[in-house]
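Undergrad: To be precise about what I am sending: the file is called structure-v2.cif and holds mmCIF, C-alpha atoms.
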```cif
data_coords
#
loop_
_atom_site.label_atom_id
_atom_site.label_comp_id
_atom_site.auth_asym_id
_atom_site.auth_seq_id
_atom_site.Cartn_x
_atom_site.Cartn_y
_atom_site.Cartn_z
CA MET A 28 154.28 0.58 -15.84
CA ALA A 29 154.12 -2.21 -13.28
CA TYR A 30 157.27 -3.02 -11.40
CA THR A 31 158.02 -6.26 -9.65
CA ASP A 32 158.01 -6.29 -5.88
CA ASP A 33 161.71 -7.02 -5.99
CA LYS A 34 162.51 -3.85 -7.97
CA ARG A 35 160.32 -1.67 -5.74
CA ILE A 36 161.86 -3.14 -2.59
CA ARG A 37 165.40 -2.63 -3.92
CA ALA A 38 164.61 0.99 -4.86
CA LYS A 39 163.13 1.68 -1.40
CA ARG A 40 166.12 0.06 0.32
CA ARG A 41 168.46 2.16 -1.75
CA ALA A 42 166.50 5.30 -0.86
CA LEU A 43 166.57 4.40 2.83
CA TYR A 44 170.32 3.81 2.61
CA ILE A 45 170.83 7.21 0.96
CA LEU A 46 168.63 8.98 3.53
CA ALA A 47 170.41 7.23 6.40
CA GLN A 48 173.65 8.96 5.38
CA ARG A 49 172.19 12.49 5.57
CA ASP A 50 169.03 14.43 4.78
CA HIS A 51 168.29 15.09 1.11
CA SER A 52 165.83 17.09 -0.92
CA ALA A 53 163.41 15.21 -3.14
CA LYS A 54 165.44 16.27 -6.19
CA GLU A 55 168.71 15.05 -4.70
CA LEU A 56 167.19 11.69 -3.79
CA TYR A 57 165.62 11.35 -7.23
CA ASP A 58 168.95 12.23 -8.91
CA LYS A 59 170.72 9.51 -6.92
CA LEU A 60 168.07 6.89 -7.60
CA ILE A 61 167.84 7.62 -11.33
CA LYS A 62 171.34 6.19 -11.81
CA ASN A 63 170.01 2.68 -11.12
CA TYR A 64 166.24 2.74 -11.60
CA PRO A 65 163.68 3.89 -14.22
CA PRO A 66 162.24 7.42 -13.79
CA GLU A 67 158.72 6.30 -12.84
CA LEU A 68 160.02 4.00 -10.11
CA CYS A 69 162.27 6.77 -8.80
CA ALA A 70 159.33 9.16 -8.58
CA LEU A 71 157.22 6.55 -6.78
CA THR A 72 160.05 5.82 -4.36
CA VAL A 73 160.61 9.50 -3.56
CA GLU A 74 156.90 9.90 -2.93
CA ALA A 75 156.91 6.82 -0.68
CA MET A 76 159.80 8.27 1.34
CA ARG A 77 157.76 11.46 1.77
CA ASP A 78 154.71 9.49 2.85
CA PHE A 79 156.73 7.51 5.42
CA GLY A 80 158.18 10.75 6.80
CA TYR A 81 161.77 9.95 5.87
CA LEU A 82 162.01 12.88 3.48
CA ASP A 83 161.33 16.20 5.24
CA GLU A 84 162.37 19.05 2.96
CA GLU A 85 161.34 21.79 5.38
CA LYS A 86 163.56 20.41 8.13
CA TYR A 87 166.37 19.91 5.61
CA ALA A 88 166.03 23.45 4.24
CA ARG A 89 166.09 25.02 7.72
CA LYS A 90 169.11 22.95 8.70
CA LEU A 91 171.00 23.88 5.54
CA PHE A 92 170.06 27.55 5.84
CA LYS A 93 171.37 27.71 9.41
CA SER A 94 174.51 25.82 8.44
CA TYR A 95 175.26 28.22 5.59
CA MET A 96 174.56 31.22 7.86
CA ASN A 97 177.12 29.81 10.32
CA LYS A 98 179.62 29.56 7.47
CA GLY A 99 179.28 33.29 6.97
CA TRP A 100 177.32 33.14 3.73
CA GLY A 101 174.94 35.88 2.69
CA LYS A 102 171.31 35.60 1.71
CA SER A 103 171.82 35.47 -2.05
CA LYS A 104 174.50 32.78 -1.91
CA ILE A 105 172.39 30.67 0.48
CA ARG A 106 169.34 31.13 -1.77
CA PHE A 107 171.35 30.01 -4.81
CA GLU A 108 172.68 26.94 -3.03
CA LEU A 109 169.24 25.89 -1.74
CA LYS A 110 167.80 26.27 -5.25
CA ARG A 111 170.67 24.20 -6.63
CA LYS A 112 169.77 21.44 -4.20
CA GLY A 113 166.24 21.43 -5.61
CA LEU A 114 164.37 22.98 -2.71
CA PRO A 115 161.16 24.81 -3.64
CA GLU A 116 161.04 28.60 -3.71
CA ASP A 117 158.33 28.89 -1.07
CA LEU A 118 160.39 26.81 1.35
CA ILE A 119 163.44 29.00 0.78
CA ALA A 120 161.35 32.12 1.43
CA LEU A 121 160.04 30.52 4.63
CA CYS A 122 163.60 29.97 5.86
CA GLU A 123 164.55 33.57 5.01
CA GLU A 124 161.67 34.88 7.11
CA ASP A 125 163.35 33.46 10.21
CA TYR A 126 166.26 35.85 9.73
CA ASP A 127 165.83 39.58 9.32
CA ASP A 128 168.28 42.04 7.80
CA GLU A 129 169.71 42.92 11.21
CA ASP A 130 170.93 39.33 11.57
CA TYR A 131 172.83 39.66 8.31
CA ILE A 132 174.30 43.03 9.23
CA GLU A 133 175.46 41.62 12.56
CA GLU A 134 176.96 38.63 10.75
CA ILE A 135 178.82 40.91 8.32
CA THR A 136 180.10 43.09 11.17
CA GLU A 137 181.44 40.03 13.02
CA LEU A 138 183.01 38.73 9.82
CA ILE A 139 184.74 42.05 9.14
CA ASN A 140 186.07 42.20 12.70
CA LYS A 141 187.23 38.60 12.55
CA LYS A 142 188.64 38.28 9.05
CA TYR A 143 188.97 41.60 7.26
CA ILE A 144 189.80 44.22 9.90
CA ASN A 145 193.55 44.06 9.17
CA LYS A 146 192.89 44.57 5.45
CA LEU A 147 190.52 47.48 5.99
CA ASP A 148 191.98 50.98 5.81
CA PHE A 149 189.21 53.59 5.78
CA SER A 150 191.51 56.23 4.31
CA ASP A 151 192.10 53.99 1.26
CA TYR A 152 189.04 53.68 -0.99
CA GLY A 153 190.56 50.64 -2.75
CA SER A 154 190.89 48.81 0.55
CA VAL A 155 187.22 49.37 1.37
CA GLN A 156 186.25 48.26 -2.15
CA ARG A 157 188.27 45.02 -1.85
CA VAL A 158 186.62 44.13 1.45
CA THR A 159 183.20 45.05 0.02
CA ALA A 160 183.82 42.82 -3.01
CA ALA A 161 184.95 39.93 -0.80
CA LEU A 162 181.77 40.21 1.27
CA ALA A 163 179.62 40.47 -1.85
CA ARG A 164 181.17 37.24 -3.15
CA ARG A 165 179.95 35.61 0.06
CA GLY A 166 176.42 36.58 -0.99
CA PHE A 167 175.73 39.61 1.19
CA SER A 168 173.83 42.55 -0.29
CA TYR A 169 175.67 45.82 -0.90
CA ASP A 170 173.25 47.74 1.29
CA ASP A 171 173.91 45.42 4.24
CA ILE A 172 177.65 45.57 3.62
CA LYS A 173 177.56 49.36 3.56
CA VAL A 174 175.76 49.50 6.93
CA ALA A 175 178.13 46.95 8.49
CA ILE A 176 181.24 48.78 7.26
CA ALA A 177 179.86 52.03 8.66
CA ARG A 178 179.37 50.32 12.04
CA VAL A 179 182.90 48.95 12.02
CA ARG A 180 184.22 52.39 11.12
CA GLU A 181 182.31 53.92 14.06
CA GLU A 182 183.76 51.27 16.38
CA CYS A 183 187.26 51.99 15.11
CA ASP A 184 186.75 55.75 15.56
CA GLU A 185 185.49 55.20 19.14
CA ASN A 186 188.44 52.95 19.95
CA TYR A 187 190.81 55.52 18.48
CA ASP A 188 189.22 58.27 20.61
CA ASP A 189 189.59 56.10 23.73
CA PHE A 190 193.23 55.52 22.87
CA THR A 191 193.99 59.23 22.39
CA ASP A 192 192.49 60.07 25.81
CA TYR A 193 195.50 58.47 27.49
CA GLU A 194 198.06 60.67 25.79
#
```
Take the structure in the file and give it back as structure tokens.
TA:
Amino acid sequence: MAYTDDKRIRAKRRALYILAQRDHSAKELYDKLIKNYPPELCALTVEAMRDFGYLDEEKYARKLFKSYMNKGWGKSKIRFELKRKGLPEDLIALCEEDYDDEDYIEEITELINKKYINKLDFSDYGSVQRVTAALARRGFSYDDIKVAIARVREECDENYDDFTDYE
């Protein structure tokens, strides 16, 4: 279908306005444009924004991934959120390659020490389960959580041993 120059220009201006606010995925931009323009014109506009270099999904995915990591989210929650934003699977996998499991375990350990240490009583199985469940809701894997909790427990045992040396 042929669109008038006026319609194409208005769609491109709208896309530029949307992209000036923040980065978007192609799906997000398309979803915002579809409210005011026909589907074919939206697809053409999204493609034009890609061609002009205004729509860079790889940069956007990396930025989002890092942002969610800084929020203390785990791999599965980040993956779900990136998929929800319409980013392709191969791009998500590329972002995950930048972070290995040790990064997640370190993140979990810091999170436990910062937020959950007062709620964690290693003699109470229920306490450990509640903290584990809270971390799992943040999207961390159970294997990583288990390793991080073991590290925190070792740190607590070492600190306890240091404390008893002064008695």
Undergrad: Find, counting all atoms listed in the file, the residue in A:Ile119, A:Asp50, A:Tyr87, A:Pro66 that gets nearest to Lys104 (chain A).
TA: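 Nearest to Lys104 (chain A): A:Ile119.
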Undergrad: Please report the interatomic distance between CA of Lys98 (chain A) and CA of Arg49 (chain A) in Å with one decimal.
TA: 18.7 Å
Undergrad: Could you check how far CA of Gly101 (chain A) sits from CA of Ser168 (chain A), in Å to one decimal?
TA: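 Pair CA of Gly101 (chain A) / CA of Ser168 (chain A) returns 7.4 Å.
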Undergrad: Between CA of Ile135 (chain A) and CA of Ser150 (chain A), what is the distance, to one decimal in Å?
TA: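 Interatomic distance here is 20.3 Å.
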Undergrad: Any chance you could work out the residue set of the PyMOL selection byres ((chain A and resi 77) around 12) here, as JSON, numbers by chain?
TA: {"A": [39, 42, 43, 46, 51, 52, 53, 56, 57, 70, 71, 72, 73, 74, 75, 76, 78, 79, 80, 81, 82, 83, 84, 85]}
Undergrad: Using only C-alpha atoms, please write the residues we just selected to a file, as a PDB file, in the coordinates of the input.
TA:
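What landed in selection_39.pdb:
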```
ATOM      1  CA  LYS A  39     163.130   1.680  -1.400  1.00  0.00           C
ATOM      2  CA  ALA A  42     166.500   5.300  -0.860  1.00  0.00           C
ATOM      3  CA  LEU A  43     166.570   4.400   2.830  1.00  0.00           C
ATOM      4  CA  LEU A  46     168.630   8.980   3.530  1.00  0.00           C
ATOM      5  CA  HIS A  51     168.290  15.090   1.110  1.00  0.00           C
ATOM      6  CA  SER A  52     165.830  17.090  -0.920  1.00  0.00           C
ATOM      7  CA  ALA A  53     163.410  15.210  -3.140  1.00  0.00           C
ATOM      8  CA  LEU A  56     167.190  11.690  -3.790  1.00  0.00           C
ATOM      9  CA  TYR A  57     165.620  11.350  -7.230  1.00  0.00           C
ATOM     10  CA  ALA A  70     159.330   9.160  -8.580  1.00  0.00           C
ATOM     11  CA  LEU A  71     157.220   6.550  -6.780  1.00  0.00           C
ATOM     12  CA  THR A  72     160.050   5.820  -4.360  1.00  0.00           C
ATOM     13  CA  VAL A  73     160.610   9.500  -3.560  1.00  0.00           C
ATOM     14  CA  GLU A  74     156.900   9.900  -2.930  1.00  0.00           C
ATOM     15  CA  ALA A  75     156.910   6.820  -0.680  1.00  0.00           C
ATOM     16  CA  MET A  76     159.800   8.270   1.340  1.00  0.00           C
ATOM     17  CA  ASP A  78     154.710   9.490   2.850  1.00  0.00           C
ATOM     18  CA  PHE A  79     156.730   7.510   5.420  1.00  0.00           C
ATOM     19  CA  GLY A  80     158.180  10.750   6.800  1.00  0.00           C
ATOM     20  CA  TYR A  81     161.770   9.950   5.870  1.00  0.00           C
ATOM     21  CA  LEU A  82     162.010  12.880   3.480  1.00  0.00           C
ATOM     22  CA  ASP A  83     161.330  16.200   5.240  1.00  0.00           C
ATOM     23  CA  GLU A  84     162.370  19.050   2.960  1.00  0.00           C
ATOM     24  CA  GLU A  85     161.340  21.790   5.380  1.00  0.00           C
TER      25      GLU A  85
END
```
Undergrad: Do you know which residues the PyMOL selection byres ((chain A and resi 132) around 12) returns on this file, as a PyMOL selection string?
TA: chain A and resi 96+99-102+126-131+133-139+162+167-179
Undergrad: Would you translate the PyMOL selection byres ((chain A and resi 121) around 12) into the concrete set of residues it matches in this file, as a PyMOL selection string?
TA: chain A and resi 84-86+88-89+92+106+114-120+122-127
Undergrad: Closest to Arg35 (chain A) among A:Asp151, A:Glu108, A:Glu67, A:Glu182, using only C-alpha atoms?
TA: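 Of A:Asp151, A:Glu108, A:Glu67, A:Glu182, the one nearest Arg35 (chain A), counting only C-alpha atoms, is A:Glu67.
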Undergrad: Which one of A:Ile61, A:Tyr143, A:Asp33, A:Phe107 sits closest to Val155 (chain A) if you count only C-alpha atoms?
TA: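 Among the listed residues, A:Tyr143 lies closest to Val155 (chain A).
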Undergrad: Please export region 163-178 of chain A as a short mmCIF file (atom, residue, chain, number, x, y, z; two decimals), in the first residue's frame, restricted to N, CA, C and O atoms.
TA:
```
data_model
loop_
_atom_site.label_atom_id
_atom_site.label_comp_id
_atom_site.auth_asym_id
_atom_site.auth_seq_id
_atom_site.Cartn_x
_atom_site.Cartn_y
_atom_site.Cartn_z
N ALA A 163 15.11 -16.96 44.86
CA ALA A 163 14.59 -17.62 43.66
C ALA A 163 13.56 -16.72 42.96
O ALA A 163 13.51 -16.68 41.72
N ARG A 164 12.76 -16.00 43.74
CA ARG A 164 11.79 -15.08 43.15
C ARG A 164 12.49 -13.94 42.40
O ARG A 164 11.92 -13.35 41.50
N ARG A 165 13.71 -13.66 42.77
CA ARG A 165 14.49 -12.64 42.06
C ARG A 165 15.09 -13.19 40.78
O ARG A 165 15.72 -12.46 40.02
N GLY A 166 14.93 -14.50 40.53
CA GLY A 166 15.36 -15.09 39.27
C GLY A 166 16.69 -15.81 39.32
O GLY A 166 17.24 -16.17 38.29
N PHE A 167 17.23 -16.04 40.52
CA PHE A 167 18.49 -16.77 40.63
C PHE A 167 18.21 -18.27 40.64
O PHE A 167 17.18 -18.72 41.13
N SER A 168 19.15 -19.05 40.11
CA SER A 168 18.97 -20.50 40.07
C SER A 168 19.24 -21.09 41.46
O SER A 168 20.01 -20.54 42.24
N TYR A 169 18.60 -22.22 41.74
CA TYR A 169 18.76 -22.86 43.05
C TYR A 169 20.19 -23.31 43.29
O TYR A 169 20.69 -23.23 44.40
N ASP A 170 20.85 -23.76 42.24
CA ASP A 170 22.25 -24.19 42.40
C ASP A 170 23.13 -23.02 42.82
O ASP A 170 23.96 -23.14 43.72
N ASP A 171 22.95 -21.86 42.17
CA ASP A 171 23.73 -20.68 42.52
C ASP A 171 23.40 -20.21 43.94
O ASP A 171 24.29 -19.81 44.69
N ILE A 172 22.13 -20.27 44.30
CA ILE A 172 21.72 -19.86 45.64
C ILE A 172 22.37 -20.75 46.68
O ILE A 172 22.86 -20.28 47.72
N LYS A 173 22.36 -22.05 46.41
CA LYS A 173 22.95 -23.01 47.35
C LYS A 173 24.43 -22.71 47.59
O LYS A 173 24.90 -22.71 48.73
N VAL A 174 25.17 -22.44 46.53
CA VAL A 174 26.60 -22.14 46.64
C VAL A 174 26.79 -20.84 47.43
O VAL A 174 27.65 -20.76 48.31
N ALA A 175 25.99 -19.83 47.12
CA ALA A 175 26.12 -18.53 47.80
C ALA A 175 25.79 -18.65 49.29
O ALA A 175 26.51 -18.08 50.13
N ILE A 176 24.76 -19.40 49.62
CA ILE A 176 24.40 -19.57 51.04
C ILE A 176 25.51 -20.32 51.77
O ILE A 176 25.85 -20.00 52.91
N ALA A 177 26.10 -21.30 51.11
CA ALA A 177 27.22 -22.03 51.72
C ALA A 177 28.39 -21.08 51.99
O ALA A 177 29.04 -21.16 53.04
N ARG A 178 28.66 -20.18 51.06
CA ARG A 178 29.74 -19.20 51.26
C ARG A 178 29.44 -18.27 52.43
O ARG A 178 30.32 -17.97 53.24
#
```
